[in-house]
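Participant: If it helps, the file is called input-v4.tsv and holds TSV, C-alpha atoms:
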chain	number	residue	atom	x	y	z
A	1	MET	CA	-116.98	-107.04	55.86
A	2	PRO	CA	-117.98	-109.32	53.02
A	3	ALA	CA	-115.90	-111.51	50.88
A	4	CYS	CA	-115.57	-110.05	47.44
A	5	HIS	CA	-116.25	-112.19	44.45
A	6	THR	CA	-115.33	-113.24	40.95
A	7	SER	CA	-117.84	-115.56	39.34
A	8	PRO	CA	-116.49	-119.13	39.56
A	9	THR	CA	-117.33	-119.68	35.91
A	10	THR	CA	-115.35	-116.64	34.81
A	11	LEU	CA	-112.23	-116.63	36.95
A	12	LEU	CA	-110.00	-115.36	34.15
A	13	LEU	CA	-106.52	-113.97	34.77
A	14	ARG	CA	-105.04	-111.30	32.33
A	15	VAL	CA	-103.29	-107.55	31.60
A	16	CYS	CA	-101.13	-104.88	29.48
A	17	LEU	CA	-98.27	-102.37	29.64
A	18	THR	CA	-99.57	-98.84	29.15
A	19	GLY	CA	-97.28	-96.58	31.14
A	20	ALA	CA	-94.27	-96.09	33.33
A	21	VAL	CA	-93.67	-97.70	36.69
A	22	PRO	CA	-95.70	-95.74	39.27
A	23	ALA	CA	-93.98	-93.85	42.05
A	24	SER	CA	-95.10	-96.46	44.58
A	25	VAL	CA	-92.59	-98.92	43.06
A	26	SER	CA	-88.88	-98.12	43.30
A	27	ALA	CA	-86.42	-98.62	40.46
A	28	ALA	CA	-84.77	-101.43	42.41
A	29	GLN	CA	-88.09	-103.17	42.86
A	30	ALA	CA	-89.00	-102.72	39.21
A	31	SER	CA	-85.73	-104.32	38.08
A	32	GLN	CA	-86.80	-107.51	39.83
A	33	THR	CA	-90.52	-107.30	39.14
A	34	THR	CA	-92.39	-108.94	36.26
A	35	PHE	CA	-95.66	-107.15	36.95
A	36	VAL	CA	-96.98	-103.95	38.47
A	37	PHE	CA	-100.46	-102.55	39.06
A	38	ILE	CA	-101.16	-99.18	37.45
A	39	ASP	CA	-104.11	-96.93	38.26
A	40	SER	CA	-106.41	-96.91	35.21
A	41	GLU	CA	-107.65	-93.50	36.39
A	42	GLN	CA	-111.25	-94.67	36.09
A	43	ARG	CA	-113.54	-93.52	38.88
A	44	LEU	CA	-116.68	-95.62	39.21
A	45	GLY	CA	-119.48	-93.87	41.06
A	46	ASN	CA	-119.25	-92.11	44.41
A	47	GLY	CA	-121.37	-94.30	46.64
A	48	ASP	CA	-120.42	-96.02	49.87
A	49	SER	CA	-119.50	-99.30	48.19
A	50	LEU	CA	-118.98	-102.34	50.40
A	51	SER	CA	-118.75	-105.17	47.87
A	52	VAL	CA	-118.05	-105.88	44.22
A	53	ALA	CA	-118.45	-109.06	42.17
A	54	LEU	CA	-116.94	-109.66	38.73
A	55	GLY	CA	-118.45	-111.80	35.98
A	56	ASP	CA	-119.67	-111.69	32.38
A	57	LEU	CA	-123.05	-110.14	33.06
A	58	ASP	CA	-124.03	-109.15	29.50
A	59	GLY	CA	-122.78	-112.24	27.66
A	60	ASP	CA	-120.13	-110.56	25.52
A	61	GLY	CA	-117.16	-112.53	26.83
A	62	ASP	CA	-115.52	-110.02	29.18
A	63	LEU	CA	-115.82	-109.35	32.90
A	64	ASP	CA	-118.31	-106.77	34.12
A	65	ALA	CA	-118.87	-105.58	37.69
A	66	MET	CA	-121.78	-105.49	40.09
A	67	VAL	CA	-121.34	-103.12	43.04
A	68	ALA	CA	-123.28	-103.20	46.31
A	69	ASN	CA	-123.64	-99.79	47.97
A	70	TYR	CA	-124.68	-98.95	51.51
A	71	ALA	CA	-127.19	-96.23	50.76
A	72	HIS	CA	-127.40	-93.45	53.32
A	73	PRO	CA	-129.83	-90.57	52.62
A	74	GLY	CA	-128.96	-89.45	49.12
A	75	GLY	CA	-126.58	-92.39	48.66
A	76	ALA	CA	-126.08	-94.41	45.53
A	77	PRO	CA	-128.10	-97.50	44.59
A	78	ASN	CA	-126.51	-100.82	43.65
A	79	ALA	CA	-125.18	-100.74	40.12
A	80	VAL	CA	-123.95	-102.79	37.17
A	81	TRP	CA	-120.84	-101.58	35.35
A	82	THR	CA	-120.35	-103.07	31.89
A	83	ASN	CA	-116.96	-103.61	30.28
A	84	ASP	CA	-116.22	-102.62	26.68
A	85	GLY	CA	-113.61	-105.38	26.44
A	86	THR	CA	-110.62	-103.13	27.08
A	87	GLY	CA	-111.18	-102.72	30.80
A	88	THR	CA	-113.18	-99.51	30.51
A	89	LEU	CA	-116.37	-99.80	32.57
A	90	ALA	CA	-119.58	-97.78	32.23
A	91	ASN	CA	-122.64	-97.63	34.47
A	92	SER	CA	-125.30	-99.57	32.59
A	93	GLU	CA	-128.39	-98.34	34.45
A	94	PRO	CA	-130.94	-99.03	35.77
A	95	ALA	CA	-130.12	-99.42	39.45
A	96	LEU	CA	-130.51	-102.69	41.36
A	97	GLY	CA	-132.37	-101.53	44.42
A	98	GLN	CA	-131.29	-98.99	47.00
A	99	GLY	CA	-130.75	-100.04	50.57
A	100	ARG	CA	-128.17	-100.90	53.20
A	101	SER	CA	-126.42	-103.41	50.95
A	102	ARG	CA	-123.37	-105.17	52.35
A	103	ASP	CA	-122.47	-107.86	49.82
A	104	VAL	CA	-123.28	-109.23	46.39
A	105	ALA	CA	-122.68	-112.68	44.92
A	106	ILE	CA	-123.31	-113.71	41.32
A	107	GLY	CA	-124.03	-117.07	39.71
A	108	ASP	CA	-126.52	-118.83	37.44
A	109	LEU	CA	-129.43	-119.15	39.85
A	110	ASP	CA	-132.20	-120.13	37.43
A	111	GLY	CA	-130.29	-122.48	35.12
A	112	ASP	CA	-130.56	-120.42	31.95
A	113	GLY	CA	-126.82	-119.97	31.41
A	114	ASP	CA	-126.34	-116.36	32.51
A	115	LEU	CA	-125.26	-114.81	35.81
A	116	ASP	CA	-127.89	-113.69	38.28
A	117	ALA	CA	-127.28	-112.01	41.66
A	118	ILE	CA	-128.11	-112.15	45.35
A	119	ILE	CA	-127.65	-109.01	47.45
A	120	ALA	CA	-127.15	-109.22	51.22
A	121	ASN	CA	-128.63	-106.30	53.15
A	122	ASP	CA	-128.29	-105.01	56.69
A	123	ASN	CA	-131.58	-105.20	58.62
A	124	GLN	CA	-133.44	-105.33	55.33
A	125	PRO	CA	-134.60	-108.31	53.26
A	126	ASN	CA	-131.94	-109.96	51.12
A	127	THR	CA	-132.93	-109.91	47.45
A	128	VAL	CA	-132.58	-112.06	44.31
A	129	TRP	CA	-132.04	-110.40	40.94
A	130	ILE	CA	-132.57	-112.31	37.69
A	131	ASN	CA	-130.55	-111.54	34.54
A	132	ASP	CA	-132.20	-111.61	31.11
A	133	GLY	CA	-128.84	-112.51	29.50
A	134	THR	CA	-127.99	-108.98	28.42
A	135	GLY	CA	-127.02	-107.63	31.84
A	136	THR	CA	-130.49	-106.29	32.61
A	137	PHE	CA	-131.63	-107.46	36.05
A	138	THR	CA	-135.12	-107.75	37.47
A	139	ASP	CA	-136.03	-108.10	41.13
A	140	SER	CA	-137.49	-111.60	41.57
A	141	GLY	CA	-139.65	-110.35	44.42
A	142	GLN	CA	-138.19	-112.85	46.86
A	143	THR	CA	-137.01	-111.84	50.32
A	144	LEU	CA	-134.40	-114.17	51.79
A	145	GLY	CA	-134.58	-113.33	55.46
A	146	ASP	CA	-134.60	-109.97	57.18
A	147	ASP	CA	-131.36	-110.25	59.11
A	148	LYS	CA	-128.26	-108.19	59.79
A	149	SER	CA	-126.58	-109.82	56.82
A	150	ARG	CA	-122.96	-109.03	56.19
A	151	SER	CA	-121.96	-111.57	53.52
A	152	VAL	CA	-123.42	-114.11	51.09
A	153	ALA	CA	-121.78	-117.03	49.28
A	154	LEU	CA	-123.21	-119.21	46.52
A	155	GLY	CA	-122.57	-122.91	46.01
A	156	ASP	CA	-124.29	-126.27	45.57
A	157	LEU	CA	-124.64	-127.20	49.23
A	158	ASP	CA	-127.19	-130.02	48.88
A	159	GLY	CA	-125.70	-131.72	45.82
A	160	ASP	CA	-128.65	-131.26	43.47
A	161	GLY	CA	-126.74	-129.33	40.80
A	162	ASP	CA	-127.93	-125.77	41.43
A	163	LEU	CA	-126.59	-122.87	43.50
A	164	ASP	CA	-127.78	-122.41	47.06
A	165	ALA	CA	-127.00	-119.42	49.28
A	166	MET	CA	-125.44	-119.07	52.71
A	167	PHE	CA	-125.67	-115.79	54.62
A	168	ALA	CA	-123.31	-114.61	57.35
A	169	ASN	CA	-125.30	-112.52	59.83
A	170	SER	CA	-124.13	-110.33	62.68
A	171	ALA	CA	-125.40	-111.30	66.17
A	172	GLN	CA	-127.98	-113.51	64.52
A	173	PRO	CA	-127.72	-117.11	63.29
A	174	ASN	CA	-126.19	-117.67	59.88
A	175	THR	CA	-128.70	-119.13	57.44
A	176	ILE	CA	-128.87	-121.37	54.37
A	177	TRP	CA	-131.39	-120.89	51.60
A	178	VAL	CA	-131.96	-123.80	49.20
A	179	ASN	CA	-132.54	-123.28	45.48
A	180	ASP	CA	-135.14	-125.40	43.64
A	181	GLY	CA	-133.23	-125.01	40.36
A	182	THR	CA	-135.37	-122.19	39.00
A	183	GLY	CA	-133.90	-119.44	41.18
A	184	THR	CA	-136.61	-119.80	43.82
A	185	PHE	CA	-135.18	-120.13	47.33
A	186	SER	CA	-136.58	-121.61	50.53
A	187	ASP	CA	-135.22	-121.35	54.05
A	188	SER	CA	-133.49	-124.62	55.03
A	189	GLY	CA	-134.40	-123.93	58.66
A	190	GLN	CA	-130.78	-124.23	59.78
A	191	LYS	CA	-129.57	-121.68	62.31
A	192	LEU	CA	-125.79	-121.80	62.35
A	193	GLY	CA	-124.27	-120.13	65.40
A	194	LYS	CA	-124.97	-116.67	66.71
A	195	SER	CA	-121.69	-114.80	66.36
A	196	ARG	CA	-120.96	-111.39	64.93
A	197	SER	CA	-120.28	-112.95	61.55
A	198	GLN	CA	-118.72	-110.80	58.85
A	199	SER	CA	-117.78	-113.10	55.97
A	200	VAL	CA	-118.52	-116.58	54.64
A	201	ALA	CA	-116.59	-118.65	52.08
A	202	LEU	CA	-117.59	-122.05	50.67
A	203	GLY	CA	-115.27	-124.87	49.64
A	204	ASP	CA	-114.52	-128.56	50.15
A	205	LEU	CA	-112.47	-128.26	53.33
A	206	ASP	CA	-112.37	-131.93	54.37
A	207	GLY	CA	-111.89	-133.55	50.96
A	208	ASP	CA	-115.17	-135.49	50.85
A	209	GLY	CA	-116.49	-133.85	47.68
A	210	ASP	CA	-119.11	-131.49	49.08
A	211	LEU	CA	-119.01	-127.82	50.04
A	212	ASP	CA	-118.25	-126.85	53.61
A	213	ALA	CA	-118.22	-123.30	55.01
A	214	MET	CA	-115.81	-121.05	56.83
A	215	VAL	CA	-117.20	-118.02	58.66
A	216	ALA	CA	-115.05	-115.12	59.89
A	217	ASN	CA	-116.34	-113.40	63.02
A	218	ASP	CA	-115.87	-110.04	64.70
A	219	LEU	CA	-114.61	-109.16	68.21
A	220	SER	CA	-112.93	-111.99	70.16
A	221	GLN	CA	-114.86	-114.72	68.36
A	222	PRO	CA	-112.89	-117.29	66.32
A	223	THR	CA	-113.31	-118.13	62.67
A	224	ILE	CA	-115.65	-121.13	62.56
A	225	ILE	CA	-115.71	-124.16	60.25
A	226	TRP	CA	-119.04	-125.76	59.31
A	227	ILE	CA	-118.90	-129.29	57.86
A	228	ASN	CA	-121.43	-130.47	55.26
A	229	ASP	CA	-122.92	-133.98	55.45
A	230	GLY	CA	-123.40	-134.01	51.66
A	231	ASP	CA	-127.10	-133.19	51.84
A	232	GLY	CA	-126.65	-129.56	52.79
A	233	ILE	CA	-126.84	-130.04	56.55
A	234	LEU	CA	-123.95	-128.22	58.21
A	235	THR	CA	-122.48	-129.05	61.62
A	236	ARG	CA	-119.99	-126.94	63.51
A	237	SER	CA	-116.50	-128.42	63.63
A	238	PRO	CA	-114.78	-128.45	67.04
A	239	ARG	CA	-111.74	-127.06	65.24
A	240	THR	CA	-111.61	-123.28	64.82
A	241	LEU	CA	-109.18	-120.68	63.55
A	242	GLU	CA	-108.18	-118.69	66.60
A	243	THR	CA	-108.51	-115.26	65.08
A	244	GLU	CA	-109.99	-112.09	66.54
A	245	PHE	CA	-111.57	-109.03	64.92
A	246	SER	CA	-111.87	-110.78	61.56
A	247	ARG	CA	-113.56	-109.11	58.62
A	248	ALA	CA	-113.03	-111.44	55.66
A	249	VAL	CA	-111.83	-114.91	54.72
A	250	ALA	CA	-110.67	-116.28	51.34
A	251	LEU	CA	-110.08	-119.94	50.48
A	252	GLY	CA	-107.52	-121.34	48.05
A	253	ASP	CA	-104.69	-123.85	47.75
A	254	LEU	CA	-101.92	-121.63	49.07
A	255	ASP	CA	-99.20	-124.23	49.70
A	256	GLY	CA	-99.70	-126.39	46.62
A	257	ASP	CA	-100.73	-129.60	48.37
A	258	GLY	CA	-104.14	-129.88	46.71
A	259	ASP	CA	-106.43	-128.80	49.55
A	260	LEU	CA	-107.98	-125.47	50.49
A	261	ASP	CA	-106.12	-123.18	52.88
A	262	ALA	CA	-107.38	-119.87	54.28
A	263	MET	CA	-106.30	-116.26	54.54
A	264	VAL	CA	-108.11	-114.15	57.13
A	265	ALA	CA	-108.26	-110.35	56.94
A	266	ARG	CA	-108.36	-108.65	60.35
A	267	TYR	CA	-108.69	-105.14	61.74
A	268	LEU	CA	-108.00	-103.13	64.93
A	269	GLY	CA	-104.26	-103.67	64.75
A	270	GLY	CA	-104.26	-107.43	64.27
A	271	PRO	CA	-102.21	-108.63	61.28
A	272	ASN	CA	-103.75	-110.77	58.57
A	273	THR	CA	-103.07	-114.49	58.98
A	274	VAL	CA	-102.54	-117.57	56.81
A	275	TRP	CA	-103.92	-120.96	57.87
A	276	THR	CA	-102.85	-124.22	56.22
A	277	ASN	CA	-105.17	-127.20	55.88
A	278	ASP	CA	-104.04	-130.82	56.44
A	279	GLY	CA	-106.74	-131.97	54.03
A	280	SER	CA	-109.21	-132.96	56.74
A	281	ALA	CA	-110.38	-129.44	57.66
A	282	HIS	CA	-107.79	-129.16	60.41
A	283	PHE	CA	-106.15	-125.76	59.98
A	284	SER	CA	-102.85	-124.64	61.50
A	285	ASN	CA	-101.63	-121.08	61.89
A	286	SER	CA	-98.63	-120.66	59.58
A	287	GLY	CA	-97.21	-118.04	61.94
A	288	GLN	CA	-97.21	-115.31	59.32
A	289	ALA	CA	-98.34	-111.79	60.21
A	290	LEU	CA	-99.20	-109.92	57.00
A	291	GLY	CA	-99.60	-106.17	57.35
A	292	LYS	CA	-100.59	-103.85	60.16
A	293	GLY	CA	-104.23	-104.76	60.35
A	294	ASP	CA	-107.35	-102.68	59.71
A	295	SER	CA	-108.02	-104.83	56.65
A	296	ARG	CA	-111.50	-105.30	55.24
A	297	SER	CA	-111.15	-107.74	52.34
A	298	VAL	CA	-108.77	-110.22	50.71
A	299	ALA	CA	-108.76	-111.70	47.19
A	300	LEU	CA	-106.57	-114.52	45.87
A	301	GLY	CA	-105.17	-114.91	42.36
A	302	ASP	CA	-101.98	-115.61	40.44
A	303	LEU	CA	-100.79	-112.02	40.13
A	304	ASP	CA	-97.24	-112.63	38.90
A	305	GLY	CA	-97.92	-115.59	36.59
A	306	ASP	CA	-95.80	-118.12	38.47
A	307	GLY	CA	-98.59	-120.64	39.03
A	308	ASP	CA	-99.45	-120.06	42.69
A	309	LEU	CA	-102.04	-117.91	44.47
A	310	ASP	CA	-100.98	-114.45	45.62
A	311	ALA	CA	-103.14	-112.02	47.58
A	312	VAL	CA	-104.46	-108.47	47.42
A	313	VAL	CA	-105.63	-107.05	50.74
A	314	ALA	CA	-107.99	-104.06	50.89
A	315	ASN	CA	-107.15	-101.85	53.87
A	316	TRP	CA	-109.07	-99.11	55.63
A	317	ASP	CA	-107.32	-96.42	57.70
A	318	SER	CA	-103.89	-97.79	58.53
A	319	GLU	CA	-102.35	-98.27	55.08
A	320	SER	CA	-102.96	-98.49	51.37
A	321	SER	CA	-104.17	-101.76	49.89
A	322	THR	CA	-101.27	-104.19	49.56
A	323	ILE	CA	-100.07	-107.05	47.35
A	324	TRP	CA	-98.55	-110.18	48.90
A	325	LEU	CA	-96.61	-112.65	46.77
A	326	ASN	CA	-96.57	-116.39	47.40
A	327	ASP	CA	-93.33	-118.41	47.15
A	328	HIS	CA	-95.25	-121.58	46.10
A	329	THR	CA	-95.24	-122.96	49.66
A	330	GLY	CA	-97.79	-120.59	51.19
A	331	ARG	CA	-95.21	-118.13	52.52
A	332	PHE	CA	-96.04	-114.54	51.57
A	333	THR	CA	-93.83	-111.49	51.04
A	334	ASP	CA	-94.94	-107.88	50.70
A	335	SER	CA	-94.41	-106.92	47.03
A	336	GLY	CA	-93.82	-103.29	47.98
A	337	GLN	CA	-96.67	-102.18	45.71
A	338	ALA	CA	-99.57	-100.19	47.08
A	339	LEU	CA	-102.93	-99.75	45.39
A	340	GLY	CA	-104.21	-96.26	45.98
A	341	HIS	CA	-104.97	-94.66	49.27
A	342	ARG	CA	-106.93	-95.73	52.31
A	343	GLU	CA	-110.58	-96.47	52.95
A	344	SER	CA	-110.91	-99.53	50.71
A	345	THR	CA	-113.64	-101.95	51.73
A	346	CYS	CA	-113.44	-104.69	49.12
A	347	VAL	CA	-111.19	-105.98	46.36
A	348	ALA	CA	-112.11	-108.29	43.48
A	349	LEU	CA	-109.66	-109.79	40.98
A	350	GLY	CA	-110.30	-110.67	37.35
A	351	ASP	CA	-109.02	-110.09	33.83
A	352	LEU	CA	-110.73	-106.85	32.84
A	353	ASP	CA	-108.68	-105.92	29.77
A	354	GLY	CA	-108.23	-109.31	28.13
A	355	ASP	CA	-104.48	-109.83	28.51
A	356	ASP	CA	-104.57	-112.97	30.67
A	357	ALA	CA	-103.56	-111.41	33.99
A	358	PRO	CA	-105.82	-110.48	36.93
A	359	ASP	CA	-106.62	-106.82	37.41
A	360	ALA	CA	-108.07	-105.37	40.61
A	361	LEU	CA	-111.25	-103.42	41.32
A	362	LEU	CA	-111.18	-101.65	44.68
A	363	ALA	CA	-114.43	-100.60	46.33
A	364	LYS	CA	-114.44	-97.56	48.59
A	365	GLY	CA	-116.93	-97.22	51.41
A	366	THR	CA	-116.19	-94.25	53.59
A	367	PHE	CA	-119.72	-93.54	54.91
A	368	ARG	CA	-118.81	-89.88	54.72
A	369	LYS	CA	-116.77	-88.86	51.67
A	370	GLY	CA	-118.35	-90.73	48.76
A	371	LEU	CA	-114.99	-91.78	47.31
A	372	PRO	CA	-115.17	-93.48	43.89
A	373	ASN	CA	-114.23	-97.08	43.25
A	374	THR	CA	-111.00	-97.59	41.30
A	375	ILE	CA	-109.56	-100.05	38.79
A	376	TRP	CA	-105.91	-101.10	38.84
A	377	MET	CA	-104.46	-102.79	35.76
A	378	ASN	CA	-101.93	-105.58	36.20
A	379	THR	CA	-99.12	-104.78	33.78
A	380	GLU	CA	-96.16	-106.90	32.80
A	381	ILE	CA	-92.75	-105.25	33.10
A	382	LYS	CA	-89.55	-106.80	31.76
A	383	ALA	CA	-86.75	-106.80	34.31
A	384	ALA	CA	-84.02	-104.27	33.54
A	385	ASN	CA	-81.38	-107.00	33.65
A	386	ASN	CA	-83.46	-109.37	31.50
A	387	PRO	CA	-84.88	-107.36	28.58
Go ahead and render the structure in this file as structure tokens.

Facilitator:
Amino acid sequence: MPACHTSPTTLLLRVCLTGAVPASVSAAQASQTTFVFIDSEQRLGNGDSLSVALGDLDGDGDLDAMVANYAHPGGAPNAVWTNDGTGTLANSEPALGQGRSRDVAIGDLDGDGDLDAIIANDNQPNTVWINDGTGTFTDSGQTLGDDKSRSVALGDLDGDGDLDAMFANSAQPNTIWVNDGTGTFSDSGQKLGKSRSQSVALGDLDGDGDLDAMVANDLSQPTIIWINDGDGILTRSPRTLETEFSRAVALGDLDGDGDLDAMVARYLGGPNTVWTNDGSAHFSNSGQALGKGDSRSVALGDLDGDGDLDAVVANWDSESSTIWLNDHTGRFTDSGQALGHRESTCVALGDLDGDDAPDALLAKGTFRKGLPNTIWMNTEIKAANNP
């Protein structure tokens, strides 16, 4: 399952109190809680959505959403949902292709200052969509491979100032496509592993100033680290994260020591895990077991406004999506809050309603029920004993 995205240029964190504490939070919890997520009651489409990316797509200063749908016969195409500034999203039309889409990543691909998109497809060509600045996207006509792509991440891998793309592919080598600065991509020729890769995240893992990669793999295969030489050539590190049945990985400084740590979402009964970095891309299992497993996505953000990165985990069959709070040292505690019901495939965090706290958009991808995607607003609550 892909990593879900907020545009790196628009990672804004906001929210607002509009109702009572939901039933999923007890009175005792509320008395000690400074925030709670409330269902906005918006229902966005009814496709089998596998990924969502947040960013200001139409240039009006708020966060919009792009949703990748896995289109079965009669299924929904990929779609852009535009925000009115209050967190209310509407389908903008027209559709952005219709295929077996697994992931979407957004960024300024052609250097014109707006956010474009790359869509990763399963056994179909991956596609590049160019934004005209108003949130209207046009297919560039490029096909970036024809692989079993599960995830795509954007970043400047070769140090030339534009965004390149790395694809995680299942049972096929992962690939890197290099941007010429105009949004035109060419295959770097690198073939990175041949695992059942599900998710890729980019970040400077070894502290040398360039972007490395972490790839989460399915079955009994570990999560693999790929180290960049600064010119966009990636080499597999001998160090791995000994995880199994992994679906997603998110990178962030979880323990406050200035380097990037990792949280890995797992399924088939394996709990989610936290891995701390020593600054040289050597990761150690923190020993934490977060949740019951069957997770499909994880997103990091400061949910409670205390200055560290917390986590929202999207879960499938075993439990509702959950919120985990960080104690500043990378130790996580279940907040007791649950976001909706099961069958969530992806979660993205961003300030949708302009109140400086990260809200959550949950994608649903049932492959059978056509459940709608949902928005959960992060709402500040004053503690009962501290009005």

Participant: Can you pull out every residue within 6 Å of stretch 219-226 of chain A, counting all atoms listed in the file, but drop anything in the same chain fewer than 6 positions away, and send it as a list in words?

Facilitator: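 Near stretch 219-226 of chain A, the qualifying residues are Asp212, Ala213, Leu234, Thr235, Arg236, Ser237, Thr240, Leu241, Glu242, Thr243, Glu244 and Phe245 of chain A.
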
Participant: Pick out the closest residue to A:Asp327 from this set: A:Met263, A:Leu254, A:Ala348, A:Ala201. Count all atoms listed in the file.

Facilitator: A:Leu254

Participant: Anything within 12 Å of (-112.1, -108.9, 65.2): list those residues as a PyMOL selection string, counting all atoms listed in the file and sticking to the file's coordinates.

Facilitator: chain A and resi 1+195-199+216-223+242-248+264-272+293-296

Participant: Take the selection from the previous step and output its residues with C-alpha atoms, as a short mmCIF file (atom, residue, chain, number, x, y, z; two decimals), in the frame of the given file.

Facilitator:
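Below you can see result-v5.cif, which holds the result:
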data_model
loop_
_atom_site.label_atom_id
_atom_site.label_comp_id
_atom_site.auth_asym_id
_atom_site.auth_seq_id
_atom_site.Cartn_x
_atom_site.Cartn_y
_atom_site.Cartn_z
CA MET A 1 -116.98 -107.04 55.86
CA SER A 195 -121.69 -114.80 66.36
CA ARG A 196 -120.96 -111.39 64.93
CA SER A 197 -120.28 -112.95 61.55
CA GLN A 198 -118.72 -110.80 58.85
CA SER A 199 -117.78 -113.10 55.97
CA ALA A 216 -115.05 -115.12 59.89
CA ASN A 217 -116.34 -113.40 63.02
CA ASP A 218 -115.87 -110.04 64.70
CA LEU A 219 -114.61 -109.16 68.21
CA SER A 220 -112.93 -111.99 70.16
CA GLN A 221 -114.86 -114.72 68.36
CA PRO A 222 -112.89 -117.29 66.32
CA THR A 223 -113.31 -118.13 62.67
CA GLU A 242 -108.18 -118.69 66.60
CA THR A 243 -108.51 -115.26 65.08
CA GLU A 244 -109.99 -112.09 66.54
CA PHE A 245 -111.57 -109.03 64.92
CA SER A 246 -111.87 -110.78 61.56
CA ARG A 247 -113.56 -109.11 58.62
CA ALA A 248 -113.03 -111.44 55.66
CA VAL A 264 -108.11 -114.15 57.13
CA ALA A 265 -108.26 -110.35 56.94
CA ARG A 266 -108.36 -108.65 60.35
CA TYR A 267 -108.69 -105.14 61.74
CA LEU A 268 -108.00 -103.13 64.93
CA GLY A 269 -104.26 -103.67 64.75
CA GLY A 270 -104.26 -107.43 64.27
CA PRO A 271 -102.21 -108.63 61.28
CA ASN A 272 -103.75 -110.77 58.57
CA GLY A 293 -104.23 -104.76 60.35
CA ASP A 294 -107.35 -102.68 59.71
CA SER A 295 -108.02 -104.83 56.65
CA ARG A 296 -111.50 -105.30 55.24
#

Participant: Which one is closest to A:Asp103: A:Lys364, A:Phe137, A:Ile119, A:Tyr70? Count all atoms listed in the file.

Facilitator: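 Among the listed residues, the smallest separation from A:Asp103 belongs to A:Ile119.
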
Participant: Take atom CA of A:Gly59 and atom CA of A:Glu380 and report the distance between them in Å, one decimal.

Facilitator: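 Distance between the two atoms: 27.6 Å.
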
Participant: Suppose you want the space between atom CA of A:Arg331 and atom CA of A:Gly287; what is it in Å?

Facilitator: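 Separation between atom CA of A:Arg331 and atom CA of A:Gly287: 9.6 Å.
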
Participant: So which one's closest to A:Gly159, A:Thr182, A:Asn228, A:Gln337, A:Thr322? Using all atoms listed in the file, please.

Facilitator: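 Residue with the minimum atom-to-atom distance to A:Gly159: A:Asn228.
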
Participant: Take atom CA of A:Ala363 and atom CA of A:Asp114 and report the distance between them in Å, one decimal.

Facilitator: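 Computed distance, atom CA of A:Ala363 to atom CA of A:Asp114, equals 24.1 Å.
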
Participant: Could you write out as lines of an AutoDock Vina configuration file the box around stretch 253-263 of chain A (axis-aligned, all atoms listed in the file, 5 Å on each side), with centre and edge lengths in Å to one decimal?

Facilitator:
center_x = -103.6
center_y = -123.1
center_z = 50.6
size_x = 18.8
size_y = 23.6
size_z = 17.9

Participant: Which of these, A:Ser92, A:Asp259, A:Ser320, A:Asn174, has the shortest distance to A:Gly203 once you count all atoms listed in the file?

Facilitator: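 Nearest candidate to A:Gly203 out of A:Ser92, A:Asp259, A:Ser320, A:Asn174: A:Asp259.
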
Participant: Got a sec to check which residues sit within 10 Å of (-109.0, -116.8, 52.4), counting all atoms listed in the file, and write them as a PyMOL selection string?

Facilitator: chain A and resi 3+200-201+214+216+248-254+260-265+273-275+297-300+311

Participant: How about saving the chosen residues, C-alpha atoms kept, as a compact mmCIF listing (two decimals), in the coordinates of the input?

Facilitator:
# COMPACT_ATOMS: atom_id res chain seq x y z
CA ALA A 3 -115.90 -111.51 50.88
CA VAL A 200 -118.52 -116.58 54.64
CA ALA A 201 -116.59 -118.65 52.08
CA MET A 214 -115.81 -121.05 56.83
CA ALA A 216 -115.05 -115.12 59.89
CA ALA A 248 -113.03 -111.44 55.66
CA VAL A 249 -111.83 -114.91 54.72
CA ALA A 250 -110.67 -116.28 51.34
CA LEU A 251 -110.08 -119.94 50.48
CA GLY A 252 -107.52 -121.34 48.05
CA ASP A 253 -104.69 -123.85 47.75
CA LEU A 254 -101.92 -121.63 49.07
CA LEU A 260 -107.98 -125.47 50.49
CA ASP A 261 -106.12 -123.18 52.88
CA ALA A 262 -107.38 -119.87 54.28
CA MET A 263 -106.30 -116.26 54.54
CA VAL A 264 -108.11 -114.15 57.13
CA ALA A 265 -108.26 -110.35 56.94
CA THR A 273 -103.07 -114.49 58.98
CA VAL A 274 -102.54 -117.57 56.81
CA TRP A 275 -103.92 -120.96 57.87
CA SER A 297 -111.15 -107.74 52.34
CA VAL A 298 -108.77 -110.22 50.71
CA ALA A 299 -108.76 -111.70 47.19
CA LEU A 300 -106.57 -114.52 45.87
CA ALA A 311 -103.14 -112.02 47.58

Participant: For a quick check of understanding, using only C-alpha atoms, which of A:Asn179, A:Ser140, A:Gln190, A:Thr329 has the smallest distance to A:Ile233?

Facilitator: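 The answer is A:Gln190, which sits nearest to A:Ile233.
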
Participant: Using only C-alpha atoms, pick whichever of A:Ala95, A:Leu309, A:Val152, A:Val215 has the shortest atom-to-atom distance to A:Ser51.

Facilitator: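 The answer is A:Val152, which sits nearest to A:Ser51.
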
Participant: Would you kindly return, as a PyMOL selection string, each protein, DNA or RNA residue with an atom no farther than 12 Å from any atom of A:Ile323, considering only C-alpha atoms and excluding same-chain residues fewer than 6 positions away?

Facilitator: chain A and resi 25+35-37+290-291+298-304+309-315+332-340+347+349+359-360+376+378

Participant: If we count all atoms listed in the file, what is near A:Leu57 at a cut-off of 7 Å, once residues fewer than 3 positions away on the same chain are taken out, given as a PyMOL selection string?

Facilitator: chain A and resi 64+115+134-135

Participant: Identify, on the basis of all atoms listed in the file, every residue whose closest approach to A:Leu44 does not exceed 10 Å; exclude the query and any residue fewer than 3 positions from it along the same chain; express the result as a ChimeraX atom specification.

Facilitator: /A:41,47,67,79,81,89-91,361-364,371-375
